[in-house]
>>> print(open('run_25.cif').read())   # mmCIF, C-alpha atoms
data_work
loop_
_atom_site.label_atom_id
_atom_site.label_comp_id
_atom_site.auth_asym_id
_atom_site.auth_seq_id
_atom_site.Cartn_x
_atom_site.Cartn_y
_atom_site.Cartn_z
CA MET P 1 -25.13 -18.17 10.65
CA ASN P 2 -23.46 -21.45 11.57
CA VAL P 3 -21.92 -23.07 8.52
CA THR P 4 -19.91 -26.28 8.47
CA LYS P 5 -16.51 -26.52 6.82
CA SER P 6 -17.87 -29.11 4.37
CA ALA P 7 -20.62 -26.67 3.31
CA ILE P 8 -18.01 -23.97 2.76
CA MET P 9 -15.83 -26.27 0.66
CA LYS P 10 -18.84 -27.28 -1.46
CA SER P 11 -19.84 -23.66 -2.06
CA LEU P 12 -16.40 -22.35 -2.97
CA ALA P 13 -16.48 -23.57 -6.56
CA SER P 14 -19.98 -22.29 -7.29
CA THR P 15 -18.96 -19.22 -9.37
CA CYS P 16 -16.04 -20.65 -11.31
CA ALA P 17 -15.95 -20.77 -15.07
CA THR P 18 -16.01 -24.24 -16.60
CA SER P 19 -12.52 -23.71 -18.05
CA LEU P 20 -11.32 -23.14 -14.49
CA ALA P 21 -12.95 -26.13 -12.88
CA GLY P 22 -11.50 -26.52 -9.41
CA MET P 23 -10.75 -22.83 -8.84
CA PRO P 24 -12.37 -21.83 -5.53
CA SER P 25 -14.49 -18.69 -5.68
CA VAL P 26 -12.92 -17.15 -2.55
CA GLY P 27 -9.15 -16.93 -2.42
CA LEU P 28 -6.69 -15.72 0.16
CA GLY P 29 -4.94 -12.51 -0.85
CA THR P 30 -1.36 -12.15 0.35
CA TYR P 31 -0.65 -8.53 -0.61
CA MET P 32 0.76 -6.60 2.36
CA ILE P 33 1.10 -9.67 4.58
CA ALA P 34 4.62 -9.46 6.00
CA PRO P 35 6.84 -12.53 5.55
CA ASP P 36 6.95 -13.11 9.31
CA GLN P 37 3.12 -13.30 9.35
CA ILE P 38 2.78 -15.62 6.38
CA GLN P 39 3.16 -18.97 8.13
CA GLN P 40 0.36 -18.25 10.59
CA ALA P 41 -1.83 -16.70 7.88
CA ILE P 42 -1.47 -19.69 5.55
CA HIS P 43 -2.00 -22.19 8.36
CA SER P 44 -5.19 -20.56 9.64
CA ALA P 45 -6.54 -20.00 6.12
CA ILE P 46 -6.12 -23.65 5.17
CA ALA P 47 -7.63 -24.71 8.49
CA VAL P 48 -10.89 -22.81 7.82
CA GLY P 49 -11.16 -24.05 4.24
CA TYR P 50 -9.21 -21.80 1.87
CA ARG P 51 -7.83 -23.69 -1.11
CA ARG P 52 -6.84 -20.78 -3.36
CA ILE P 53 -3.78 -18.67 -2.59
CA ASP P 54 -3.14 -15.48 -4.58
CA CYS P 55 0.54 -14.49 -4.79
CA ALA P 56 2.87 -12.16 -6.69
CA PRO P 57 6.62 -11.52 -6.71
CA VAL P 58 6.04 -7.82 -6.02
CA TYR P 59 4.35 -8.71 -2.72
CA PHE P 60 7.83 -9.81 -1.62
CA ASN P 61 6.62 -12.80 0.39
CA GLU P 62 6.55 -15.70 -2.09
CA ALA P 63 9.52 -17.42 -0.43
CA ALA P 64 7.72 -17.29 2.92
CA ILE P 65 4.54 -18.61 1.28
CA GLY P 66 6.50 -21.49 -0.23
CA ASP P 67 7.92 -22.43 3.18
CA ALA P 68 4.46 -22.19 4.77
CA LEU P 69 2.91 -24.42 2.13
CA GLN P 70 5.62 -27.01 2.57
CA GLN P 71 4.93 -27.04 6.31
CA GLU P 72 1.26 -27.68 5.60
CA PHE P 73 2.05 -30.50 3.17
CA MET P 74 4.46 -32.12 5.64
CA ALA P 75 1.99 -31.83 8.52
CA SER P 76 -0.73 -33.35 6.35
CA ALA P 77 1.53 -36.27 5.42
CA THR P 78 1.67 -37.28 9.07
CA ALA P 79 -2.00 -36.57 9.83
CA SER P 80 -3.82 -39.37 11.60
CA SER P 81 -6.84 -39.09 9.30
CA SER P 82 -6.78 -39.06 5.53
CA LYS P 83 -9.58 -36.50 5.50
CA ASP P 84 -7.17 -34.01 7.09
CA ALA P 85 -4.51 -34.54 4.43
CA LEU P 86 -3.63 -31.64 2.15
CA THR P 87 -2.01 -32.38 -1.20
CA ARG P 88 -0.75 -30.08 -3.94
CA ASP P 89 -3.63 -30.92 -6.27
CA GLN P 90 -6.11 -29.65 -3.67
CA LEU P 91 -4.64 -26.14 -3.82
CA PHE P 92 -5.09 -23.52 -6.51
CA VAL P 93 -2.06 -21.24 -6.52
CA THR P 94 -1.83 -18.04 -8.56
CA SER P 95 1.20 -15.86 -9.21
CA LYS P 96 1.86 -12.95 -11.54
CA LEU P 97 4.38 -11.72 -14.08
CA PRO P 98 6.05 -8.45 -13.03
CA GLY P 99 6.44 -5.71 -15.61
CA CYS P 100 10.23 -6.02 -15.79
CA PHE P 101 9.92 -9.52 -17.28
CA HIS P 102 7.53 -8.82 -20.16
CA ARG P 103 10.06 -9.39 -22.92
CA PRO P 104 9.45 -12.90 -24.31
CA GLN P 105 12.90 -14.21 -23.37
CA HIS P 106 12.32 -13.23 -19.71
CA VAL P 107 8.83 -14.69 -19.14
CA GLU P 108 9.92 -18.25 -18.48
CA LEU P 109 12.74 -17.06 -16.22
CA ALA P 110 10.20 -15.11 -14.17
CA VAL P 111 7.80 -18.01 -13.67
CA LYS P 112 10.66 -20.33 -12.76
CA LYS P 113 11.74 -17.81 -10.12
CA SER P 114 8.24 -17.78 -8.63
CA LEU P 115 8.11 -21.59 -8.71
CA ALA P 116 11.46 -21.78 -6.93
CA ASP P 117 10.35 -19.31 -4.27
CA LEU P 118 6.98 -21.00 -3.82
CA ARG P 119 8.62 -24.46 -3.84
CA LEU P 120 6.13 -25.73 -6.41
CA GLU P 121 6.45 -27.58 -9.70
CA TYR P 122 3.62 -25.73 -11.44
CA LEU P 123 1.17 -22.86 -10.99
CA ASP P 124 -2.55 -23.22 -11.45
CA LEU P 125 -2.85 -19.68 -12.81
CA TYR P 126 -0.26 -17.15 -13.99
CA LEU P 127 -1.31 -13.57 -14.72
CA ILE P 128 0.29 -10.59 -16.40
CA HIS P 129 0.17 -8.38 -13.32
CA TRP P 130 -0.11 -5.02 -15.11
CA PRO P 131 -0.16 -4.53 -18.90
CA VAL P 132 2.88 -2.27 -18.77
CA ALA P 133 6.42 -3.47 -19.51
CA MET P 134 9.33 -2.15 -17.47
CA LYS P 135 13.10 -2.24 -17.95
CA TYR P 136 14.56 -5.66 -17.23
CA VAL P 137 15.87 -6.51 -13.76
CA GLU P 138 18.40 -9.31 -13.38
CA ILE P 139 17.20 -12.45 -11.56
CA ASP P 140 19.48 -14.08 -9.01
CA PHE P 141 18.54 -17.76 -8.87
CA SER P 142 21.15 -18.41 -6.17
CA GLN P 143 18.82 -17.04 -3.51
CA ARG P 144 15.13 -17.26 -2.77
CA GLY P 145 13.15 -14.06 -2.61
CA TRP P 146 14.43 -10.70 -3.81
CA PRO P 147 17.34 -8.63 -2.44
CA ASP P 148 15.44 -5.35 -2.90
CA GLU P 149 12.27 -3.95 -4.48
CA ALA P 150 13.75 -3.19 -7.91
CA ILE P 151 11.20 -5.42 -9.66
CA ASP P 152 8.44 -3.11 -8.41
CA ASP P 153 10.18 0.15 -9.28
CA GLY P 154 8.64 2.03 -12.18
CA GLY P 155 10.84 5.07 -11.67
CA GLY P 156 7.79 7.33 -11.74
CA GLY P 157 7.15 6.09 -15.29
CA SER P 158 10.74 6.55 -16.51
CA LEU P 159 11.41 2.79 -16.44
CA ILE P 160 8.41 1.89 -18.59
CA ASP P 161 9.50 0.20 -21.82
CA PRO P 162 6.97 1.10 -24.56
CA THR P 163 8.73 -1.07 -27.14
CA VAL P 164 7.37 -4.36 -25.73
CA SER P 165 4.15 -5.64 -27.30
CA ILE P 166 1.59 -7.38 -25.12
CA HIS P 167 1.15 -9.85 -28.00
CA ASP P 168 4.79 -10.94 -27.70
CA THR P 169 4.46 -11.28 -23.92
CA TRP P 170 1.28 -13.30 -24.33
CA ARG P 171 2.83 -15.71 -26.78
CA ALA P 172 5.54 -16.41 -24.21
CA MET P 173 2.82 -16.93 -21.60
CA GLU P 174 1.17 -19.49 -23.89
CA GLY P 175 4.51 -21.28 -24.05
CA LEU P 176 4.39 -21.75 -20.27
CA VAL P 177 1.18 -23.73 -20.66
CA GLU P 178 2.66 -25.78 -23.45
CA ARG P 179 5.67 -26.65 -21.24
CA GLY P 180 3.53 -27.59 -18.24
CA LEU P 181 4.84 -24.83 -15.98
CA VAL P 182 1.36 -23.35 -15.53
CA ARG P 183 -2.14 -24.75 -15.99
CA HIS P 184 -3.94 -21.51 -16.93
CA ILE P 185 -2.89 -18.02 -17.99
CA GLY P 186 -4.64 -14.71 -17.65
CA VAL P 187 -4.27 -11.00 -17.15
CA SER P 188 -4.79 -8.43 -14.45
CA ASN P 189 -5.77 -4.77 -14.65
CA VAL P 190 -6.53 -5.00 -18.36
CA PRO P 191 -9.28 -2.70 -19.74
CA VAL P 192 -11.71 -3.74 -22.47
CA ALA P 193 -9.93 -2.15 -25.46
CA LEU P 194 -6.59 -3.78 -24.67
CA LEU P 195 -8.24 -7.10 -23.81
CA HIS P 196 -10.08 -7.05 -27.12
CA GLU P 197 -6.82 -6.37 -28.97
CA LEU P 198 -4.98 -9.11 -27.09
CA MET P 199 -7.58 -11.69 -28.07
CA THR P 200 -7.22 -10.95 -31.77
CA ARG P 201 -4.00 -12.97 -31.82
CA ALA P 202 -4.24 -15.20 -28.76
CA SER P 203 -4.05 -18.96 -29.36
CA ILE P 204 -4.96 -19.49 -25.71
CA PRO P 205 -7.45 -16.85 -24.59
CA PRO P 206 -7.03 -15.35 -21.12
CA ALA P 207 -8.84 -17.50 -18.57
CA VAL P 208 -9.06 -14.68 -16.02
CA ASN P 209 -8.96 -10.91 -15.83
CA GLN P 210 -8.22 -9.96 -12.22
CA VAL P 211 -9.23 -6.35 -11.57
CA GLU P 212 -10.02 -3.97 -8.74
CA LEU P 213 -13.73 -4.38 -8.20
CA HIS P 214 -16.01 -3.37 -5.32
CA PRO P 215 -19.27 -1.40 -4.85
CA TYR P 216 -17.41 1.91 -5.42
CA LEU P 217 -15.79 0.56 -8.63
CA GLN P 218 -18.24 -1.87 -10.21
CA GLN P 219 -16.79 -2.05 -13.75
CA SER P 220 -20.06 -3.30 -15.23
CA LYS P 221 -19.02 -2.80 -18.87
CA LEU P 222 -15.80 -4.71 -18.34
CA LEU P 223 -17.69 -7.45 -16.50
CA ASN P 224 -20.24 -7.77 -19.28
CA TYR P 225 -17.55 -7.87 -21.97
CA CYS P 226 -15.58 -10.56 -20.16
CA HIS P 227 -18.70 -12.65 -19.66
CA ALA P 228 -19.48 -12.34 -23.38
CA ARG P 229 -15.95 -13.49 -24.28
CA GLY P 230 -15.79 -16.33 -21.74
CA ILE P 231 -13.20 -14.64 -19.53
CA HIS P 232 -13.69 -15.09 -15.81
CA VAL P 233 -13.48 -11.88 -13.79
CA GLN P 234 -11.75 -12.02 -10.43
CA ALA P 235 -12.12 -9.15 -7.98
CA TYR P 236 -9.21 -7.86 -5.95
CA ALA P 237 -9.68 -5.22 -3.23
CA PRO P 238 -13.33 -6.35 -2.93
CA LEU P 239 -13.50 -4.61 0.47
CA GLY P 240 -11.78 -1.44 -0.66
CA THR P 241 -8.34 -1.26 0.89
CA PRO P 242 -8.80 -1.16 4.67
CA GLY P 243 -5.48 -0.68 6.39
CA VAL P 244 -3.56 0.62 3.36
CA LYS P 245 -5.73 3.41 1.94
CA GLU P 246 -4.93 7.11 2.21
CA SER P 247 -6.58 9.02 5.07
CA ASP P 248 -8.67 11.17 2.72
CA GLU P 249 -10.08 8.24 0.73
CA PRO P 250 -13.59 6.83 1.18
CA VAL P 251 -14.11 3.94 3.58
CA LEU P 252 -16.17 1.30 1.79
CA LEU P 253 -16.86 -0.70 4.95
CA ASP P 254 -18.44 2.39 6.58
CA ASP P 255 -20.91 2.98 3.77
CA PRO P 256 -24.42 3.64 5.21
CA LEU P 257 -26.30 1.54 2.66
CA LEU P 258 -23.95 -1.42 2.97
CA THR P 259 -24.18 -1.12 6.76
CA GLU P 260 -27.98 -1.09 6.57
CA LEU P 261 -28.14 -4.15 4.33
CA SER P 262 -25.56 -6.13 6.30
CA THR P 263 -27.34 -5.39 9.58
CA SER P 264 -30.64 -6.59 8.13
CA LYS P 265 -28.99 -9.88 7.18
CA ASN P 266 -27.00 -10.24 10.41
CA ILE P 267 -23.64 -10.33 8.66
CA THR P 268 -20.67 -7.97 8.44
CA VAL P 269 -20.29 -5.34 5.75
CA ALA P 270 -17.25 -7.25 4.48
CA GLN P 271 -19.32 -10.42 4.10
CA LEU P 272 -22.01 -8.46 2.26
CA CYS P 273 -19.46 -7.03 -0.19
CA LEU P 274 -18.06 -10.49 -0.90
CA ALA P 275 -21.52 -12.01 -1.31
CA TRP P 276 -22.41 -9.17 -3.72
CA ALA P 277 -19.28 -9.86 -5.77
CA LEU P 278 -19.98 -13.59 -5.91
CA GLN P 279 -23.60 -13.01 -6.89
CA ARG P 280 -22.36 -10.97 -9.86
CA GLY P 281 -20.52 -14.06 -11.10
CA THR P 282 -17.01 -13.02 -10.09
CA SER P 283 -14.60 -14.74 -7.76
CA VAL P 284 -12.77 -12.74 -5.11
CA VAL P 285 -9.34 -12.28 -3.57
CA ALA P 286 -9.75 -11.33 0.08
CA LYS P 287 -6.62 -10.47 2.03
CA SER P 288 -6.47 -11.13 5.75
CA ALA P 289 -3.95 -12.55 8.20
CA SER P 290 -6.58 -12.70 10.96
CA PRO P 291 -8.09 -16.16 11.53
CA THR P 292 -11.40 -14.57 12.54
CA ARG P 293 -11.59 -12.40 9.43
CA GLN P 294 -10.50 -15.28 7.22
CA ALA P 295 -13.35 -17.42 8.55
CA GLU P 296 -15.86 -14.60 8.08
CA ASN P 297 -14.69 -13.91 4.54
CA ILE P 298 -14.80 -17.49 3.34
CA GLN P 299 -18.25 -18.00 4.83
CA SER P 300 -19.60 -15.50 2.30
CA ALA P 301 -19.45 -18.24 -0.33
CA THR P 302 -22.30 -20.06 1.42
CA TYR P 303 -24.82 -17.23 1.64
CA HIS P 304 -28.23 -17.62 0.11
CA ASN P 305 -31.77 -17.01 1.30
CA SER P 306 -32.87 -20.57 2.04
CA ASP P 307 -31.84 -24.16 1.68
CA ASP P 308 -32.34 -23.61 -2.05
CA SER P 309 -28.99 -22.21 -3.19
CA THR P 310 -30.59 -21.05 -6.47
CA ILE P 311 -32.35 -18.23 -4.60
CA PRO P 312 -30.14 -15.13 -4.65
CA PHE P 313 -28.90 -13.90 -1.31
CA LEU P 314 -29.40 -10.29 -2.38
CA THR P 315 -32.72 -9.37 -3.97
CA ASP P 316 -32.97 -7.55 -7.29
CA ASP P 317 -33.90 -4.39 -5.41
CA GLU P 318 -30.90 -4.73 -3.10
CA MET P 319 -28.57 -5.32 -6.04
CA LYS P 320 -30.02 -2.23 -7.76
CA ARG P 321 -29.47 -0.11 -4.65
CA ILE P 322 -25.86 -1.26 -4.42
CA SER P 323 -25.35 -0.54 -8.12
CA GLN P 324 -26.12 3.11 -7.38
CA LEU P 325 -23.07 3.30 -5.10
CA ASP P 326 -20.69 3.14 -8.07
CA ARG P 327 -18.29 6.10 -7.95
CA HIS P 328 -15.78 4.71 -10.47
CA TYR P 329 -13.32 5.13 -7.62
CA ARG P 330 -9.96 3.38 -7.81
CA PHE P 331 -7.85 2.76 -4.74
CA PHE P 332 -5.03 1.54 -7.02
CA ARG P 333 -4.15 4.34 -9.43
CA PRO P 334 -1.23 3.83 -11.85
CA GLU P 335 -1.13 7.54 -12.62
CA ASP P 336 0.04 8.09 -9.04
CA TRP P 337 3.01 5.78 -9.67
CA TRP P 338 3.87 6.30 -13.33
CA GLY P 339 2.57 9.75 -14.26
CA SER P 340 1.33 10.27 -17.82
CA MET P 341 2.71 6.89 -18.97
CA ALA P 342 0.03 5.21 -16.84
CA TYR P 343 -2.68 6.21 -19.29
CA ALA P 344 -1.58 3.28 -21.41
CA VAL P 345 -3.57 1.29 -18.82
CA PHE P 346 -6.47 3.49 -17.77
CA ASP P 347 -7.71 6.64 -19.49
#
>>> encode(input="run_25.cif", output="structure tokens")
Amino acid sequence: MNVTKSAIMKSLASTCATSLAGMPSVGLGTYMIAPDQIQQAIHSAIAVGYRRIDCAPVYFNEAAIGDALQQEFMASATASSSKDALTRDQLFVTSKLPGCFHRPQHVELAVKKSLADLRLEYLDLYLIHWPVAMKYVEIDFSQRGWPDEAIDDGGGGSLIDPTVSIHDTWRAMEGLVERGLVRHIGVSNVPVALLHELMTRASIPPAVNQVELHPYLQQSKLLNYCHARGIHVQAYAPLGTPGVKESDEPVLLDDPLLTELSTSKNITVAQLCLAWALQRGTSVVAKSASPTRQAENIQSATYHNSDDSTIPFLTDDEMKRISQLDRHYRFFRPEDWWGSMAYAVFD
């Protein structure tokens, strides 16, 4: 299927909530992309049409992403054609609040650290990464990046701080919007009960709930609740976790049904999974440093059955068959990291 870059760019915003106008439906995930691979990954992603970059301090590559973005901006400033120019307002950049900065007095410090590392003046979206507070870790603003991985250390659950209320953290997040440091705020990995509780006091409701979501973990109840409350759902790990999963875990991209359906449509299984996610009304975060895979992934935003984009790419019968693949299987399991304290997130 030969699709032009202009068609891709037009299709990218098709699933976004109205409150998030301008947020592309397919974003580049940067989890597990090494800092020395970031420049190439960002360059190739922007070249094929990506305009949303998903970041987090605990990916330990935000400083490299900031340098790569500045290179793209500088190259665009000297481009011979204005149509090739890339400006900050054309990008949608997301970062996340680590657990060790959930106390209200630390939230603004954390976002300013991400902004310094990313070399940006504001974020388009800032998420509470996990709804679990950890013991505070000192921030060194004299250097970009992080000297070690302390901000991602839960101590097997021993460093979880149960005295911090998500309501207090959220109020500090709202303050970031009021001060112009971020455009939108949201959450990640938040189940329905906690999301419902959070919204009882929120002055600014979460714009996004970014969660693990794929055919083996479809989260239909969460998706329906978020739709009912006007919260946009964003899928991470939409392809499972190829390359980082355990050897005894299922391989989503080898699933027989998904293979059958993708073959019938002359696309890859990865493209089918992304098209399925988009057809459900979610946006996706797809990680890849490969230019070929990046191009394949972003093309999924253009899939439909004819020149009429209102015709679903997957039929009702195909969607029903995929729905039967749900195993409620999580590749990211807090209980493996934090023990019994993790059940504050998922029960």
>>> resolve_selection(input="run_25.cif", expression="the PyMOL selection byres ((chain P and resi 346) around 9)", output="PyMOL selection string")
chain P and resi 189-191+333-335+342-345+347
>>> atom_distance(input="run_25.cif", atom1="CA of Pro242 in chain P", atom2="CA of Ser300 in chain P")
18.1 Å
>>> resolve_selection(input="run_25.cif", expression="the PyMOL selection byres ((chain P and resi 104) around 12)", output="number ranges by chain")
P: 97, 99-103, 105-111, 133, 136, 164-176
>>> resolve_selection(input="run_25.cif", expression="the PyMOL selection byres ((chain P and resi 201-216) around 7)", output="PyMOL selection string")
chain P and resi 174+184-190+198-200+217-219+231-240+322-323+325-329
>>> closest_residue(input="run_25.cif", among="P:Leu123, P:Ala45, P:Ala56, P:Val137", to="Leu28 in chain P", atoms="all atoms listed in the file")
P:Ala45
>>> residues_around(input="run_25.cif", residues="range 295-298 of chain P", least_positions_apart="3", cutoff="8 Å", atoms="only C-alpha atoms", output="number ranges by chain")
P: 8, 26, 45, 48-50, 270-271, 274, 286, 291-292, 301
>>> atom_distance(input="run_25.cif", atom1="CA of Gln279 in chain P", atom2="CA of Thr315 in chain P")
10.2 Å
>>> closest_residue(input="run_25.cif", among="P:Ile128, P:Gly145, P:Pro162, P:Ser95", to="Leu195 in chain P", atoms="only C-alpha atoms")
P:Ile128
>>> build_atoms(input="run_25.cif", residues="range 187-211 of chain P", atoms="N, CA, C and O atoms", output="mmCIF file, in the frame of the given file")
data_model
loop_
_atom_site.group_PDB
_atom_site.id
_atom_site.type_symbol
_atom_site.label_atom_id
_atom_site.label_comp_id
_atom_site.auth_asym_id
_atom_site.auth_seq_id
_atom_site.Cartn_x
_atom_site.Cartn_y
_atom_site.Cartn_z
ATOM 1 N N VAL P 187 -4.761 -12.367 -17.253
ATOM 2 C CA VAL P 187 -4.270 -11.000 -17.150
ATOM 3 C C VAL P 187 -4.835 -10.361 -15.894
ATOM 4 O O VAL P 187 -5.739 -10.889 -15.250
ATOM 5 N N SER P 188 -4.298 -9.205 -15.576
ATOM 6 C CA SER P 188 -4.790 -8.430 -14.450
ATOM 7 C C SER P 188 -4.726 -6.953 -14.827
ATOM 8 O O SER P 188 -3.802 -6.530 -15.530
ATOM 9 N N ASN P 189 -5.730 -6.217 -14.401
ATOM 10 C CA ASN P 189 -5.770 -4.770 -14.650
ATOM 11 C C ASN P 189 -5.803 -4.418 -16.128
ATOM 12 O O ASN P 189 -5.240 -3.401 -16.541
ATOM 13 N N VAL P 190 -6.468 -5.237 -16.912
ATOM 14 C CA VAL P 190 -6.530 -5.000 -18.360
ATOM 15 C C VAL P 190 -7.913 -4.472 -18.742
ATOM 16 O O VAL P 190 -8.908 -5.149 -18.517
ATOM 17 N N PRO P 191 -7.989 -3.269 -19.326
ATOM 18 C CA PRO P 191 -9.280 -2.700 -19.740
ATOM 19 C C PRO P 191 -9.789 -3.352 -21.012
ATOM 20 O O PRO P 191 -9.062 -4.081 -21.692
ATOM 21 N N VAL P 192 -11.034 -3.058 -21.355
ATOM 22 C CA VAL P 192 -11.710 -3.740 -22.470
ATOM 23 C C VAL P 192 -10.952 -3.585 -23.781
ATOM 24 O O VAL P 192 -10.743 -4.572 -24.504
ATOM 25 N N ALA P 193 -10.554 -2.368 -24.143
ATOM 26 C CA ALA P 193 -9.930 -2.150 -25.460
ATOM 27 C C ALA P 193 -8.664 -2.982 -25.620
ATOM 28 O O ALA P 193 -8.446 -3.618 -26.662
ATOM 29 N N LEU P 194 -7.835 -3.019 -24.580
ATOM 30 C CA LEU P 194 -6.590 -3.780 -24.670
ATOM 31 C C LEU P 194 -6.872 -5.285 -24.634
ATOM 32 O O LEU P 194 -6.209 -6.062 -25.327
ATOM 33 N N LEU P 195 -7.866 -5.684 -23.864
ATOM 34 C CA LEU P 195 -8.240 -7.100 -23.810
ATOM 35 C C LEU P 195 -8.747 -7.565 -25.174
ATOM 36 O O LEU P 195 -8.398 -8.659 -25.650
ATOM 37 N N HIS P 196 -9.554 -6.725 -25.793
ATOM 38 C CA HIS P 196 -10.080 -7.050 -27.120
ATOM 39 C C HIS P 196 -8.932 -7.208 -28.122
ATOM 40 O O HIS P 196 -8.911 -8.155 -28.917
ATOM 41 N N GLU P 197 -7.972 -6.301 -28.071
ATOM 42 C CA GLU P 197 -6.820 -6.370 -28.970
ATOM 43 C C GLU P 197 -5.983 -7.613 -28.702
ATOM 44 O O GLU P 197 -5.561 -8.298 -29.631
ATOM 45 N N LEU P 198 -5.761 -7.927 -27.436
ATOM 46 C CA LEU P 198 -4.980 -9.110 -27.090
ATOM 47 C C LEU P 198 -5.588 -10.373 -27.674
ATOM 48 O O LEU P 198 -4.885 -11.239 -28.207
ATOM 49 N N MET P 199 -6.912 -10.470 -27.626
ATOM 50 C CA MET P 199 -7.580 -11.690 -28.070
ATOM 51 C C MET P 199 -7.622 -11.854 -29.577
ATOM 52 O O MET P 199 -7.954 -12.933 -30.072
ATOM 53 N N THR P 200 -7.246 -10.803 -30.318
ATOM 54 C CA THR P 200 -7.220 -10.950 -31.770
ATOM 55 C C THR P 200 -6.132 -11.897 -32.239
ATOM 56 O O THR P 200 -6.213 -12.441 -33.351
ATOM 57 N N ARG P 201 -5.106 -12.102 -31.405
ATOM 58 C CA ARG P 201 -4.000 -12.970 -31.820
ATOM 59 C C ARG P 201 -3.747 -14.121 -30.846
ATOM 60 O O ARG P 201 -2.840 -14.928 -31.079
ATOM 61 N N ALA P 202 -4.500 -14.197 -29.781
ATOM 62 C CA ALA P 202 -4.240 -15.200 -28.760
ATOM 63 C C ALA P 202 -4.635 -16.603 -29.227
ATOM 64 O O ALA P 202 -5.755 -16.811 -29.690
ATOM 65 N N SER P 203 -3.713 -17.557 -29.111
ATOM 66 C CA SER P 203 -4.050 -18.960 -29.360
ATOM 67 C C SER P 203 -4.753 -19.540 -28.140
ATOM 68 O O SER P 203 -5.667 -20.354 -28.264
ATOM 69 N N ILE P 204 -4.299 -19.129 -26.962
ATOM 70 C CA ILE P 204 -4.960 -19.490 -25.710
ATOM 71 C C ILE P 204 -5.547 -18.215 -25.138
ATOM 72 O O ILE P 204 -4.809 -17.309 -24.749
ATOM 73 N N PRO P 205 -6.865 -18.087 -25.102
ATOM 74 C CA PRO P 205 -7.450 -16.850 -24.590
ATOM 75 C C PRO P 205 -7.221 -16.721 -23.088
ATOM 76 O O PRO P 205 -7.056 -17.734 -22.388
ATOM 77 N N PRO P 206 -7.189 -15.520 -22.565
ATOM 78 C CA PRO P 206 -7.030 -15.350 -21.120
ATOM 79 C C PRO P 206 -8.172 -16.043 -20.370
ATOM 80 O O PRO P 206 -9.344 -15.852 -20.714
ATOM 81 N N ALA P 207 -7.812 -16.829 -19.373
ATOM 82 C CA ALA P 207 -8.840 -17.500 -18.570
ATOM 83 C C ALA P 207 -9.449 -16.542 -17.562
ATOM 84 O O ALA P 207 -10.616 -16.691 -17.182
ATOM 85 N N VAL P 208 -8.655 -15.571 -17.117
ATOM 86 C CA VAL P 208 -9.060 -14.680 -16.020
ATOM 87 C C VAL P 208 -8.594 -13.259 -16.325
ATOM 88 O O VAL P 208 -7.533 -13.056 -16.912
ATOM 89 N N ASN P 209 -9.398 -12.291 -15.921
ATOM 90 C CA ASN P 209 -8.960 -10.910 -15.830
ATOM 91 C C ASN P 209 -9.189 -10.489 -14.373
ATOM 92 O O ASN P 209 -10.329 -10.376 -13.927
ATOM 93 N N GLN P 210 -8.107 -10.335 -13.626
ATOM 94 C CA GLN P 210 -8.220 -9.960 -12.220
ATOM 95 C C GLN P 210 -8.127 -8.433 -12.129
ATOM 96 O O GLN P 210 -7.120 -7.849 -12.541
ATOM 97 N N VAL P 211 -9.171 -7.807 -11.588
ATOM 98 C CA VAL P 211 -9.230 -6.350 -11.570
ATOM 99 C C VAL P 211 -9.729 -5.854 -10.218
ATOM 100 O O VAL P 211 -10.388 -6.587 -9.474
#
